[in-house]
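Content type compact mmCIF, N, CA, C and O atoms, from the file structure.txt:
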# COMPACT_ATOMS: atom_id res chain seq x y z
N LEU A 1 34.55 160.46 107.70
CA LEU A 1 35.81 160.08 108.30
C LEU A 1 35.52 159.16 109.48
O LEU A 1 34.75 159.49 110.37
N LEU A 2 36.11 158.01 109.45
CA LEU A 2 35.94 157.05 110.54
C LEU A 2 37.01 157.27 111.60
O LEU A 2 38.12 157.69 111.31
N LYS A 3 36.65 156.96 112.83
CA LYS A 3 37.59 157.07 113.93
C LYS A 3 38.82 156.20 113.65
O LYS A 3 38.69 155.11 113.10
N ASN A 4 39.98 156.67 114.02
CA ASN A 4 41.26 156.00 113.84
C ASN A 4 41.76 155.98 112.40
O ASN A 4 42.70 155.26 112.09
N GLU A 5 41.15 156.75 111.50
CA GLU A 5 41.60 156.78 110.11
C GLU A 5 42.58 157.90 109.82
O GLU A 5 43.40 157.79 108.93
N TRP A 6 42.46 159.02 110.52
CA TRP A 6 43.29 160.18 110.22
C TRP A 6 44.54 160.15 111.06
O TRP A 6 44.49 160.22 112.29
N TRP A 7 45.67 160.05 110.45
CA TRP A 7 46.94 159.86 111.15
C TRP A 7 47.28 161.01 112.09
O TRP A 7 47.96 160.82 113.08
N GLU A 8 46.80 162.23 111.81
CA GLU A 8 47.13 163.36 112.67
C GLU A 8 46.36 163.33 113.99
O GLU A 8 46.81 163.92 114.97
N ASP A 9 45.19 162.71 113.99
CA ASP A 9 44.38 162.65 115.21
C ASP A 9 43.51 161.40 115.15
O ASP A 9 42.44 161.40 114.57
N LEU A 10 43.97 160.34 115.76
CA LEU A 10 43.25 159.06 115.71
C LEU A 10 41.92 159.10 116.44
O LEU A 10 41.07 158.24 116.23
N GLU A 11 41.71 160.10 117.31
CA GLU A 11 40.43 160.23 118.01
C GLU A 11 39.38 160.94 117.17
O GLU A 11 38.20 160.92 117.49
N GLU A 12 39.81 161.58 116.09
CA GLU A 12 38.89 162.29 115.21
C GLU A 12 38.09 161.29 114.38
O GLU A 12 38.61 160.26 113.97
N GLY A 13 36.82 161.58 114.15
CA GLY A 13 36.01 160.73 113.28
C GLY A 13 34.86 160.07 114.00
O GLY A 13 34.70 160.19 115.21
N THR A 14 34.06 159.36 113.24
CA THR A 14 32.88 158.69 113.75
C THR A 14 33.24 157.24 114.07
O THR A 14 33.86 156.56 113.28
N ASP A 15 32.81 156.81 115.22
CA ASP A 15 33.10 155.44 115.66
C ASP A 15 32.03 154.51 115.08
O ASP A 15 31.08 154.12 115.75
N LEU A 16 32.19 154.17 113.82
CA LEU A 16 31.21 153.38 113.07
C LEU A 16 30.95 152.04 113.72
O LEU A 16 29.81 151.63 113.91
N PHE A 17 31.98 151.34 114.08
CA PHE A 17 31.82 149.97 114.56
C PHE A 17 31.27 149.90 115.98
O PHE A 17 30.50 149.01 116.30
N GLN A 18 31.66 150.83 116.84
CA GLN A 18 31.22 150.79 118.22
C GLN A 18 29.85 151.42 118.43
O GLN A 18 29.12 151.01 119.33
N ASN A 19 29.48 152.42 117.61
CA ASN A 19 28.26 153.17 117.87
C ASN A 19 27.15 152.99 116.85
O ASN A 19 25.98 153.09 117.19
N ILE A 20 27.49 152.75 115.61
CA ILE A 20 26.45 152.72 114.57
C ILE A 20 26.07 151.29 114.18
O ILE A 20 24.90 150.95 114.16
N LEU A 21 27.04 150.47 113.89
CA LEU A 21 26.72 149.13 113.39
C LEU A 21 26.03 148.25 114.43
O LEU A 21 25.39 147.27 114.07
N VAL A 22 26.13 148.61 115.69
CA VAL A 22 25.49 147.82 116.73
C VAL A 22 24.01 148.16 116.89
O VAL A 22 23.28 147.46 117.60
N GLN A 23 23.54 149.22 116.22
CA GLN A 23 22.16 149.64 116.36
C GLN A 23 21.24 148.70 115.58
O GLN A 23 21.53 148.33 114.46
N ASN A 24 20.13 148.36 116.20
CA ASN A 24 19.09 147.63 115.49
C ASN A 24 18.33 148.60 114.60
O ASN A 24 18.26 149.79 114.89
N LEU A 25 17.76 148.12 113.54
CA LEU A 25 17.05 148.99 112.62
C LEU A 25 15.60 149.19 113.05
O LEU A 25 14.68 149.14 112.25
N THR A 26 15.43 149.44 114.33
CA THR A 26 14.14 149.84 114.89
C THR A 26 14.10 151.36 114.88
O THR A 26 15.12 152.02 114.60
N GLN A 27 12.97 151.96 115.21
CA GLN A 27 12.90 153.41 115.26
C GLN A 27 13.87 153.96 116.30
O GLN A 27 14.54 154.98 116.08
N GLU A 28 14.01 153.26 117.41
CA GLU A 28 14.96 153.68 118.45
C GLU A 28 16.40 153.63 117.94
O GLU A 28 17.19 154.54 118.19
N GLY A 29 16.74 152.59 117.21
CA GLY A 29 18.08 152.48 116.64
C GLY A 29 18.35 153.54 115.60
O GLY A 29 19.44 154.12 115.56
N VAL A 30 17.36 153.83 114.75
CA VAL A 30 17.50 154.87 113.74
C VAL A 30 17.67 156.23 114.41
O VAL A 30 18.51 157.03 114.01
N ASN A 31 16.90 156.48 115.47
CA ASN A 31 17.04 157.74 116.21
C ASN A 31 18.45 157.87 116.78
O ASN A 31 19.03 158.96 116.77
N ALA A 32 19.01 156.78 117.28
CA ALA A 32 20.37 156.80 117.83
C ALA A 32 21.38 157.12 116.74
O ALA A 32 22.30 157.92 116.95
N ILE A 33 21.23 156.52 115.56
CA ILE A 33 22.13 156.80 114.44
C ILE A 33 21.99 158.26 114.01
O ILE A 33 22.99 158.94 113.75
N ASP A 34 20.75 158.76 113.95
CA ASP A 34 20.51 160.16 113.59
C ASP A 34 21.30 161.09 114.51
O ASP A 34 21.95 162.04 114.06
N ILE A 35 21.24 160.83 115.81
CA ILE A 35 21.94 161.67 116.79
C ILE A 35 23.45 161.63 116.55
O ILE A 35 24.13 162.65 116.59
N ILE A 36 23.99 160.43 116.30
CA ILE A 36 25.43 160.28 116.06
C ILE A 36 25.84 161.06 114.82
O ILE A 36 26.84 161.80 114.83
N VAL A 37 25.07 160.94 113.74
CA VAL A 37 25.39 161.63 112.49
C VAL A 37 25.30 163.15 112.69
O VAL A 37 26.21 163.90 112.30
N LYS A 38 24.24 163.62 113.33
CA LYS A 38 24.08 165.06 113.56
C LYS A 38 25.19 165.61 114.44
O LYS A 38 25.75 166.67 114.14
N ASP A 39 25.50 164.92 115.52
CA ASP A 39 26.57 165.38 116.42
C ASP A 39 27.90 165.48 115.69
O ASP A 39 28.67 166.42 115.89
N ARG A 40 28.17 164.48 114.84
CA ARG A 40 29.43 164.49 114.09
C ARG A 40 29.49 165.67 113.14
O ARG A 40 30.51 166.36 113.04
N ILE A 41 28.41 165.93 112.43
CA ILE A 41 28.37 167.04 111.48
C ILE A 41 28.54 168.37 112.20
O ILE A 41 29.31 169.23 111.78
N LEU A 42 27.84 168.53 113.32
CA LEU A 42 27.92 169.79 114.06
C LEU A 42 29.27 170.02 114.71
O LEU A 42 29.61 171.15 115.08
N SER A 43 30.08 168.97 114.84
CA SER A 43 31.40 169.12 115.43
C SER A 43 32.46 169.57 114.42
O SER A 43 33.58 169.88 114.79
N VAL A 44 32.07 169.64 113.15
CA VAL A 44 33.01 170.02 112.09
C VAL A 44 33.18 171.54 112.08
O VAL A 44 32.20 172.29 112.13
N LYS A 45 34.43 171.96 112.00
CA LYS A 45 34.75 173.39 111.96
C LYS A 45 34.02 174.05 110.80
O LYS A 45 33.93 173.48 109.71
N ASN A 46 33.50 175.23 111.02
CA ASN A 46 32.81 176.07 110.04
C ASN A 46 31.38 175.64 109.75
O ASN A 46 30.72 176.24 108.91
N VAL A 47 30.87 174.60 110.40
CA VAL A 47 29.46 174.23 110.27
C VAL A 47 28.68 175.03 111.30
O VAL A 47 28.98 174.98 112.50
N ALA A 48 27.68 175.76 110.84
CA ALA A 48 26.87 176.58 111.74
C ALA A 48 25.68 175.79 112.29
O ALA A 48 25.44 175.77 113.49
N THR A 49 24.94 175.13 111.40
CA THR A 49 23.76 174.40 111.83
C THR A 49 23.32 173.41 110.75
O THR A 49 23.77 173.48 109.61
N ILE A 50 22.46 172.50 111.13
CA ILE A 50 21.81 171.60 110.18
C ILE A 50 20.43 172.19 109.92
O ILE A 50 19.60 172.26 110.83
N LYS A 51 20.19 172.63 108.69
CA LYS A 51 18.92 173.28 108.35
C LYS A 51 17.81 172.28 108.08
O LYS A 51 16.66 172.52 108.44
N GLU A 52 18.14 171.18 107.41
CA GLU A 52 17.16 170.14 107.09
C GLU A 52 17.83 168.79 107.30
O GLU A 52 19.02 168.62 107.04
N PHE A 53 17.02 167.83 107.78
CA PHE A 53 17.56 166.49 108.02
C PHE A 53 16.42 165.49 107.89
O PHE A 53 15.36 165.66 108.51
N SER A 54 16.63 164.46 107.10
CA SER A 54 15.68 163.34 107.04
C SER A 54 16.49 162.07 106.87
O SER A 54 17.56 162.07 106.28
N SER A 55 15.98 160.99 107.43
CA SER A 55 16.68 159.72 107.32
C SER A 55 15.68 158.60 107.07
O SER A 55 14.50 158.73 107.37
N GLN A 56 16.20 157.52 106.53
CA GLN A 56 15.37 156.34 106.31
C GLN A 56 16.27 155.11 106.32
O GLN A 56 17.48 155.21 106.13
N VAL A 57 15.65 153.98 106.57
CA VAL A 57 16.38 152.72 106.52
C VAL A 57 15.69 151.79 105.53
O VAL A 57 14.49 151.88 105.31
N ASN A 58 16.50 150.93 104.96
CA ASN A 58 15.99 149.85 104.14
C ASN A 58 16.35 148.58 104.91
O ASN A 58 17.52 148.17 104.92
N LYS A 59 15.36 148.02 105.58
CA LYS A 59 15.64 146.88 106.45
C LYS A 59 16.12 145.65 105.68
O LYS A 59 16.98 144.92 106.15
N SER A 60 15.60 145.44 104.49
CA SER A 60 16.02 144.25 103.74
C SER A 60 17.46 144.39 103.25
O SER A 60 18.20 143.42 103.21
N ALA A 61 17.87 145.61 102.87
CA ALA A 61 19.24 145.83 102.42
C ALA A 61 20.16 146.21 103.58
O ALA A 61 21.37 146.28 103.41
N LYS A 62 19.57 146.45 104.76
CA LYS A 62 20.31 146.86 105.96
C LYS A 62 21.16 148.09 105.71
O LYS A 62 22.35 148.13 105.97
N THR A 63 20.48 149.14 105.17
CA THR A 63 21.17 150.40 104.91
C THR A 63 20.45 151.55 105.61
O THR A 63 19.25 151.49 105.88
N TYR A 64 21.20 152.58 105.89
CA TYR A 64 20.72 153.82 106.49
C TYR A 64 21.12 154.95 105.56
O TYR A 64 22.27 155.00 105.11
N THR A 65 20.19 155.85 105.27
CA THR A 65 20.49 157.00 104.42
C THR A 65 19.93 158.24 105.08
O THR A 65 18.78 158.25 105.53
N ALA A 66 20.74 159.29 105.15
CA ALA A 66 20.30 160.59 105.64
C ALA A 66 20.54 161.62 104.54
O ALA A 66 21.57 161.60 103.88
N VAL A 67 19.56 162.47 104.33
CA VAL A 67 19.67 163.57 103.38
C VAL A 67 19.55 164.85 104.19
O VAL A 67 18.62 164.99 104.99
N LEU A 68 20.50 165.76 104.01
CA LEU A 68 20.51 166.94 104.86
C LEU A 68 21.04 168.17 104.15
O LEU A 68 21.73 168.06 103.14
N THR A 69 20.67 169.31 104.69
CA THR A 69 21.21 170.59 104.26
C THR A 69 21.91 171.19 105.45
O THR A 69 21.34 171.31 106.53
N ILE A 70 23.18 171.53 105.24
CA ILE A 70 24.02 172.07 106.30
C ILE A 70 24.32 173.53 105.98
O ILE A 70 24.66 173.87 104.85
N GLU A 71 24.21 174.38 107.00
CA GLU A 71 24.62 175.77 106.83
C GLU A 71 26.04 175.91 107.36
O GLU A 71 26.32 175.57 108.50
N THR A 72 26.93 176.39 106.48
CA THR A 72 28.32 176.63 106.88
C THR A 72 28.60 178.13 106.77
O THR A 72 27.78 178.88 106.23
N ILE A 73 29.75 178.55 107.22
CA ILE A 73 30.11 179.96 107.09
C ILE A 73 30.33 180.33 105.63
O ILE A 73 30.37 181.50 105.28
N PHE A 74 30.45 179.33 104.76
CA PHE A 74 30.66 179.55 103.33
C PHE A 74 29.38 179.46 102.52
O PHE A 74 29.37 179.71 101.33
N GLY A 75 28.28 179.06 103.14
CA GLY A 75 27.01 178.89 102.45
C GLY A 75 26.42 177.53 102.76
O GLY A 75 26.95 176.77 103.56
N ASP A 76 25.29 177.24 102.13
CA ASP A 76 24.60 175.98 102.38
C ASP A 76 25.20 174.84 101.55
O ASP A 76 25.71 175.06 100.45
N LEU A 77 25.10 173.65 102.10
CA LEU A 77 25.62 172.45 101.46
C LEU A 77 24.57 171.36 101.60
O LEU A 77 24.09 171.08 102.70
N GLU A 78 24.17 170.77 100.48
CA GLU A 78 23.25 169.63 100.50
C GLU A 78 24.07 168.36 100.39
O GLU A 78 24.99 168.27 99.57
N LYS A 79 23.76 167.37 101.22
CA LYS A 79 24.58 166.16 101.27
C LYS A 79 23.69 164.95 101.55
O LYS A 79 22.70 165.04 102.24
N GLU A 80 24.10 163.81 101.01
CA GLU A 80 23.47 162.53 101.34
C GLU A 80 24.52 161.65 101.97
O GLU A 80 25.64 161.54 101.48
N VAL A 81 24.15 161.04 103.09
CA VAL A 81 25.05 160.14 103.81
C VAL A 81 24.42 158.76 103.78
O VAL A 81 23.26 158.59 104.18
N SER A 82 25.15 157.77 103.31
CA SER A 82 24.64 156.40 103.27
C SER A 82 25.59 155.49 104.02
O SER A 82 26.81 155.57 103.86
N LEU A 83 25.02 154.63 104.83
CA LEU A 83 25.79 153.64 105.59
C LEU A 83 25.23 152.27 105.29
O LEU A 83 24.03 152.05 105.40
N SER A 84 26.09 151.37 104.91
CA SER A 84 25.67 149.99 104.74
C SER A 84 26.84 149.08 105.03
O SER A 84 27.87 149.17 104.41
N ALA A 85 26.68 148.32 106.04
CA ALA A 85 27.71 147.35 106.42
C ALA A 85 27.07 146.36 107.37
O ALA A 85 27.49 146.19 108.49
N ASN A 86 26.00 145.76 106.90
CA ASN A 86 25.26 144.81 107.71
C ASN A 86 24.73 145.47 108.99
O ASN A 86 24.86 144.94 110.08
N LEU A 87 24.13 146.64 108.83
CA LEU A 87 23.55 147.36 109.95
C LEU A 87 22.53 146.49 110.67
O LEU A 87 21.71 145.83 110.05
N GLY A 88 22.60 146.52 111.96
CA GLY A 88 21.62 145.80 112.77
C GLY A 88 21.71 144.31 112.63
O GLY A 88 20.82 143.58 113.06
N GLY A 89 22.74 143.82 112.05
CA GLY A 89 22.84 142.40 111.83
C GLY A 89 23.92 141.81 112.61
O GLY A 89 24.07 140.74 113.01

So, in terms of structure tokens, how does the structure I just supplied come out?
Amino acid sequence: LLKNEWWEDLEEGTDLFQNILVQNLTQEGVNAIDIIVKDRILSVKNVATIKEFSSQVNKSAKTYTAVLTIETIFGDLEKEVSLSANLGG
């Protein structure tokens, strides 16, 4: 969910354009994106913790992918998150 997309709460969501797309695809930039993604996931109701998390970038395709396992009150959930919109460009 991107910020300003949900009509009930325009402040809800991830600020893709202000926080993620401005990151360079250096290790520092990837670490910053990791923190944003983790913080967003942990802010979701019923999420207890992130059990596993790994991320990678494809610099030539300018994409970021995170693969993670989330523990919720309903059980574990495995998810892949991919971002591509001219990252770092």

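Reported to one decimal place, the separation of atom CA of Ser43 of chain A from atom CA of Ser55 of chain A is 19.3 Å.
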
Q) Any idea what the distance is between atom CA of Ile41 of chain A and atom CA of Ser60 of chain A? A)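 We find that atom CA of Ile41 of chain A and atom CA of Ser60 of chain A lie 27.1 Å from each other.
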
If you count all atoms listed in the file, which residues fall within 8 Å of Val47 of chain A, apart from same-chain ones fewer than 3 positions away, as a short mmCIF file (atom, residue, chain, number, x, y, z; two decimals) with N, CA, C and O atoms, in the frame of the given file?
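Ended up saving to around-v1.cif:
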data_model
loop_
_atom_site.label_atom_id
_atom_site.label_comp_id
_atom_site.auth_asym_id
_atom_site.auth_seq_id
_atom_site.Cartn_x
_atom_site.Cartn_y
_atom_site.Cartn_z
N ILE A 41 28.41 165.93 112.43
CA ILE A 41 28.37 167.04 111.48
C ILE A 41 28.54 168.37 112.20
O ILE A 41 29.31 169.23 111.78
N LEU A 42 27.84 168.53 113.32
CA LEU A 42 27.92 169.79 114.06
C LEU A 42 29.27 170.02 114.71
O LEU A 42 29.61 171.15 115.08
N SER A 43 30.08 168.97 114.84
CA SER A 43 31.40 169.12 115.43
C SER A 43 32.46 169.57 114.42
O SER A 43 33.58 169.88 114.79
N VAL A 44 32.07 169.64 113.15
CA VAL A 44 33.01 170.02 112.09
C VAL A 44 33.18 171.54 112.08
O VAL A 44 32.20 172.29 112.13
N ILE A 50 22.46 172.50 111.13
CA ILE A 50 21.81 171.60 110.18
C ILE A 50 20.43 172.19 109.92
O ILE A 50 19.60 172.26 110.83
N ILE A 70 23.18 171.53 105.24
CA ILE A 70 24.02 172.07 106.30
C ILE A 70 24.32 173.53 105.98
O ILE A 70 24.66 173.87 104.85
N GLU A 71 24.21 174.38 107.00
CA GLU A 71 24.62 175.77 106.83
C GLU A 71 26.04 175.91 107.36
O GLU A 71 26.32 175.57 108.50
N THR A 72 26.93 176.39 106.48
CA THR A 72 28.32 176.63 106.88
C THR A 72 28.60 178.13 106.77
O THR A 72 27.78 178.88 106.23
N ILE A 73 29.75 178.55 107.22
CA ILE A 73 30.11 179.96 107.09
C ILE A 73 30.33 180.33 105.63
O ILE A 73 30.37 181.50 105.28
N PHE A 74 30.45 179.33 104.76
CA PHE A 74 30.66 179.55 103.33
C PHE A 74 29.38 179.46 102.52
O PHE A 74 29.37 179.71 101.33
N GLY A 75 28.28 179.06 103.14
CA GLY A 75 27.01 178.89 102.45
C GLY A 75 26.42 177.53 102.76
O GLY A 75 26.95 176.77 103.56
#

Q.
So, with only C-alpha atoms as the atoms that count, which of A:Lys59, A:Lys51, A:Lys79, A:Lys45 lies closest to Gln27 of chain A?
A.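 Distance minimum relative to Gln27 of chain A lands on A:Lys59.
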
Q. With only N, CA, C and O atoms as the atoms that count, which of A:Leu25, A:Ile36, A:Leu77, A:Leu83 lies nearest to Ala61 of chain A?
A.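 Distance minimum relative to Ala61 of chain A lands on A:Leu83.
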
In the coordinate frame of the file, compute which residues have an atom within 8 Å of (17.0, 168.3, 108.3) when using only C-alpha atoms, and state them as a tab-separated table (two decimals) with N, CA, C and O atoms, in the coordinates of the input.
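part_19.tsv, written as the output of this step:
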chain	number	residue	atom	x	y	z
A	50	ILE	N	22.46	172.50	111.13
A	50	ILE	CA	21.81	171.60	110.18
A	50	ILE	C	20.43	172.19	109.92
A	50	ILE	O	19.60	172.26	110.83
A	51	LYS	N	20.19	172.63	108.69
A	51	LYS	CA	18.92	173.28	108.35
A	51	LYS	C	17.81	172.28	108.08
A	51	LYS	O	16.66	172.52	108.44
A	52	GLU	N	18.14	171.18	107.41
A	52	GLU	CA	17.16	170.14	107.09
A	52	GLU	C	17.83	168.79	107.30
A	52	GLU	O	19.02	168.62	107.04
A	53	PHE	N	17.02	167.83	107.78
A	53	PHE	CA	17.56	166.49	108.02
A	53	PHE	C	16.42	165.49	107.89
A	53	PHE	O	15.36	165.66	108.51
A	54	SER	N	16.63	164.46	107.10
A	54	SER	CA	15.68	163.34	107.04
A	54	SER	C	16.49	162.07	106.87
A	54	SER	O	17.56	162.07	106.28
A	67	VAL	N	19.56	162.47	104.33
A	67	VAL	CA	19.67	163.57	103.38
A	67	VAL	C	19.55	164.85	104.19
A	67	VAL	O	18.62	164.99	104.99
A	68	LEU	N	20.50	165.76	104.01
A	68	LEU	CA	20.51	166.94	104.86
A	68	LEU	C	21.04	168.17	104.15
A	68	LEU	O	21.73	168.06	103.14
A	69	THR	N	20.67	169.31	104.69
A	69	THR	CA	21.21	170.59	104.26
A	69	THR	C	21.91	171.19	105.45
A	69	THR	O	21.34	171.31	106.53

(Q) Using Å and a single decimal, report how far atom CA of Tyr64 of chain A sits from atom CA of Ser82 of chain A. (A)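 Result for atom CA of Ser82 of chain A versus atom CA of Tyr64 of chain A: 5.7 Å, one decimal.
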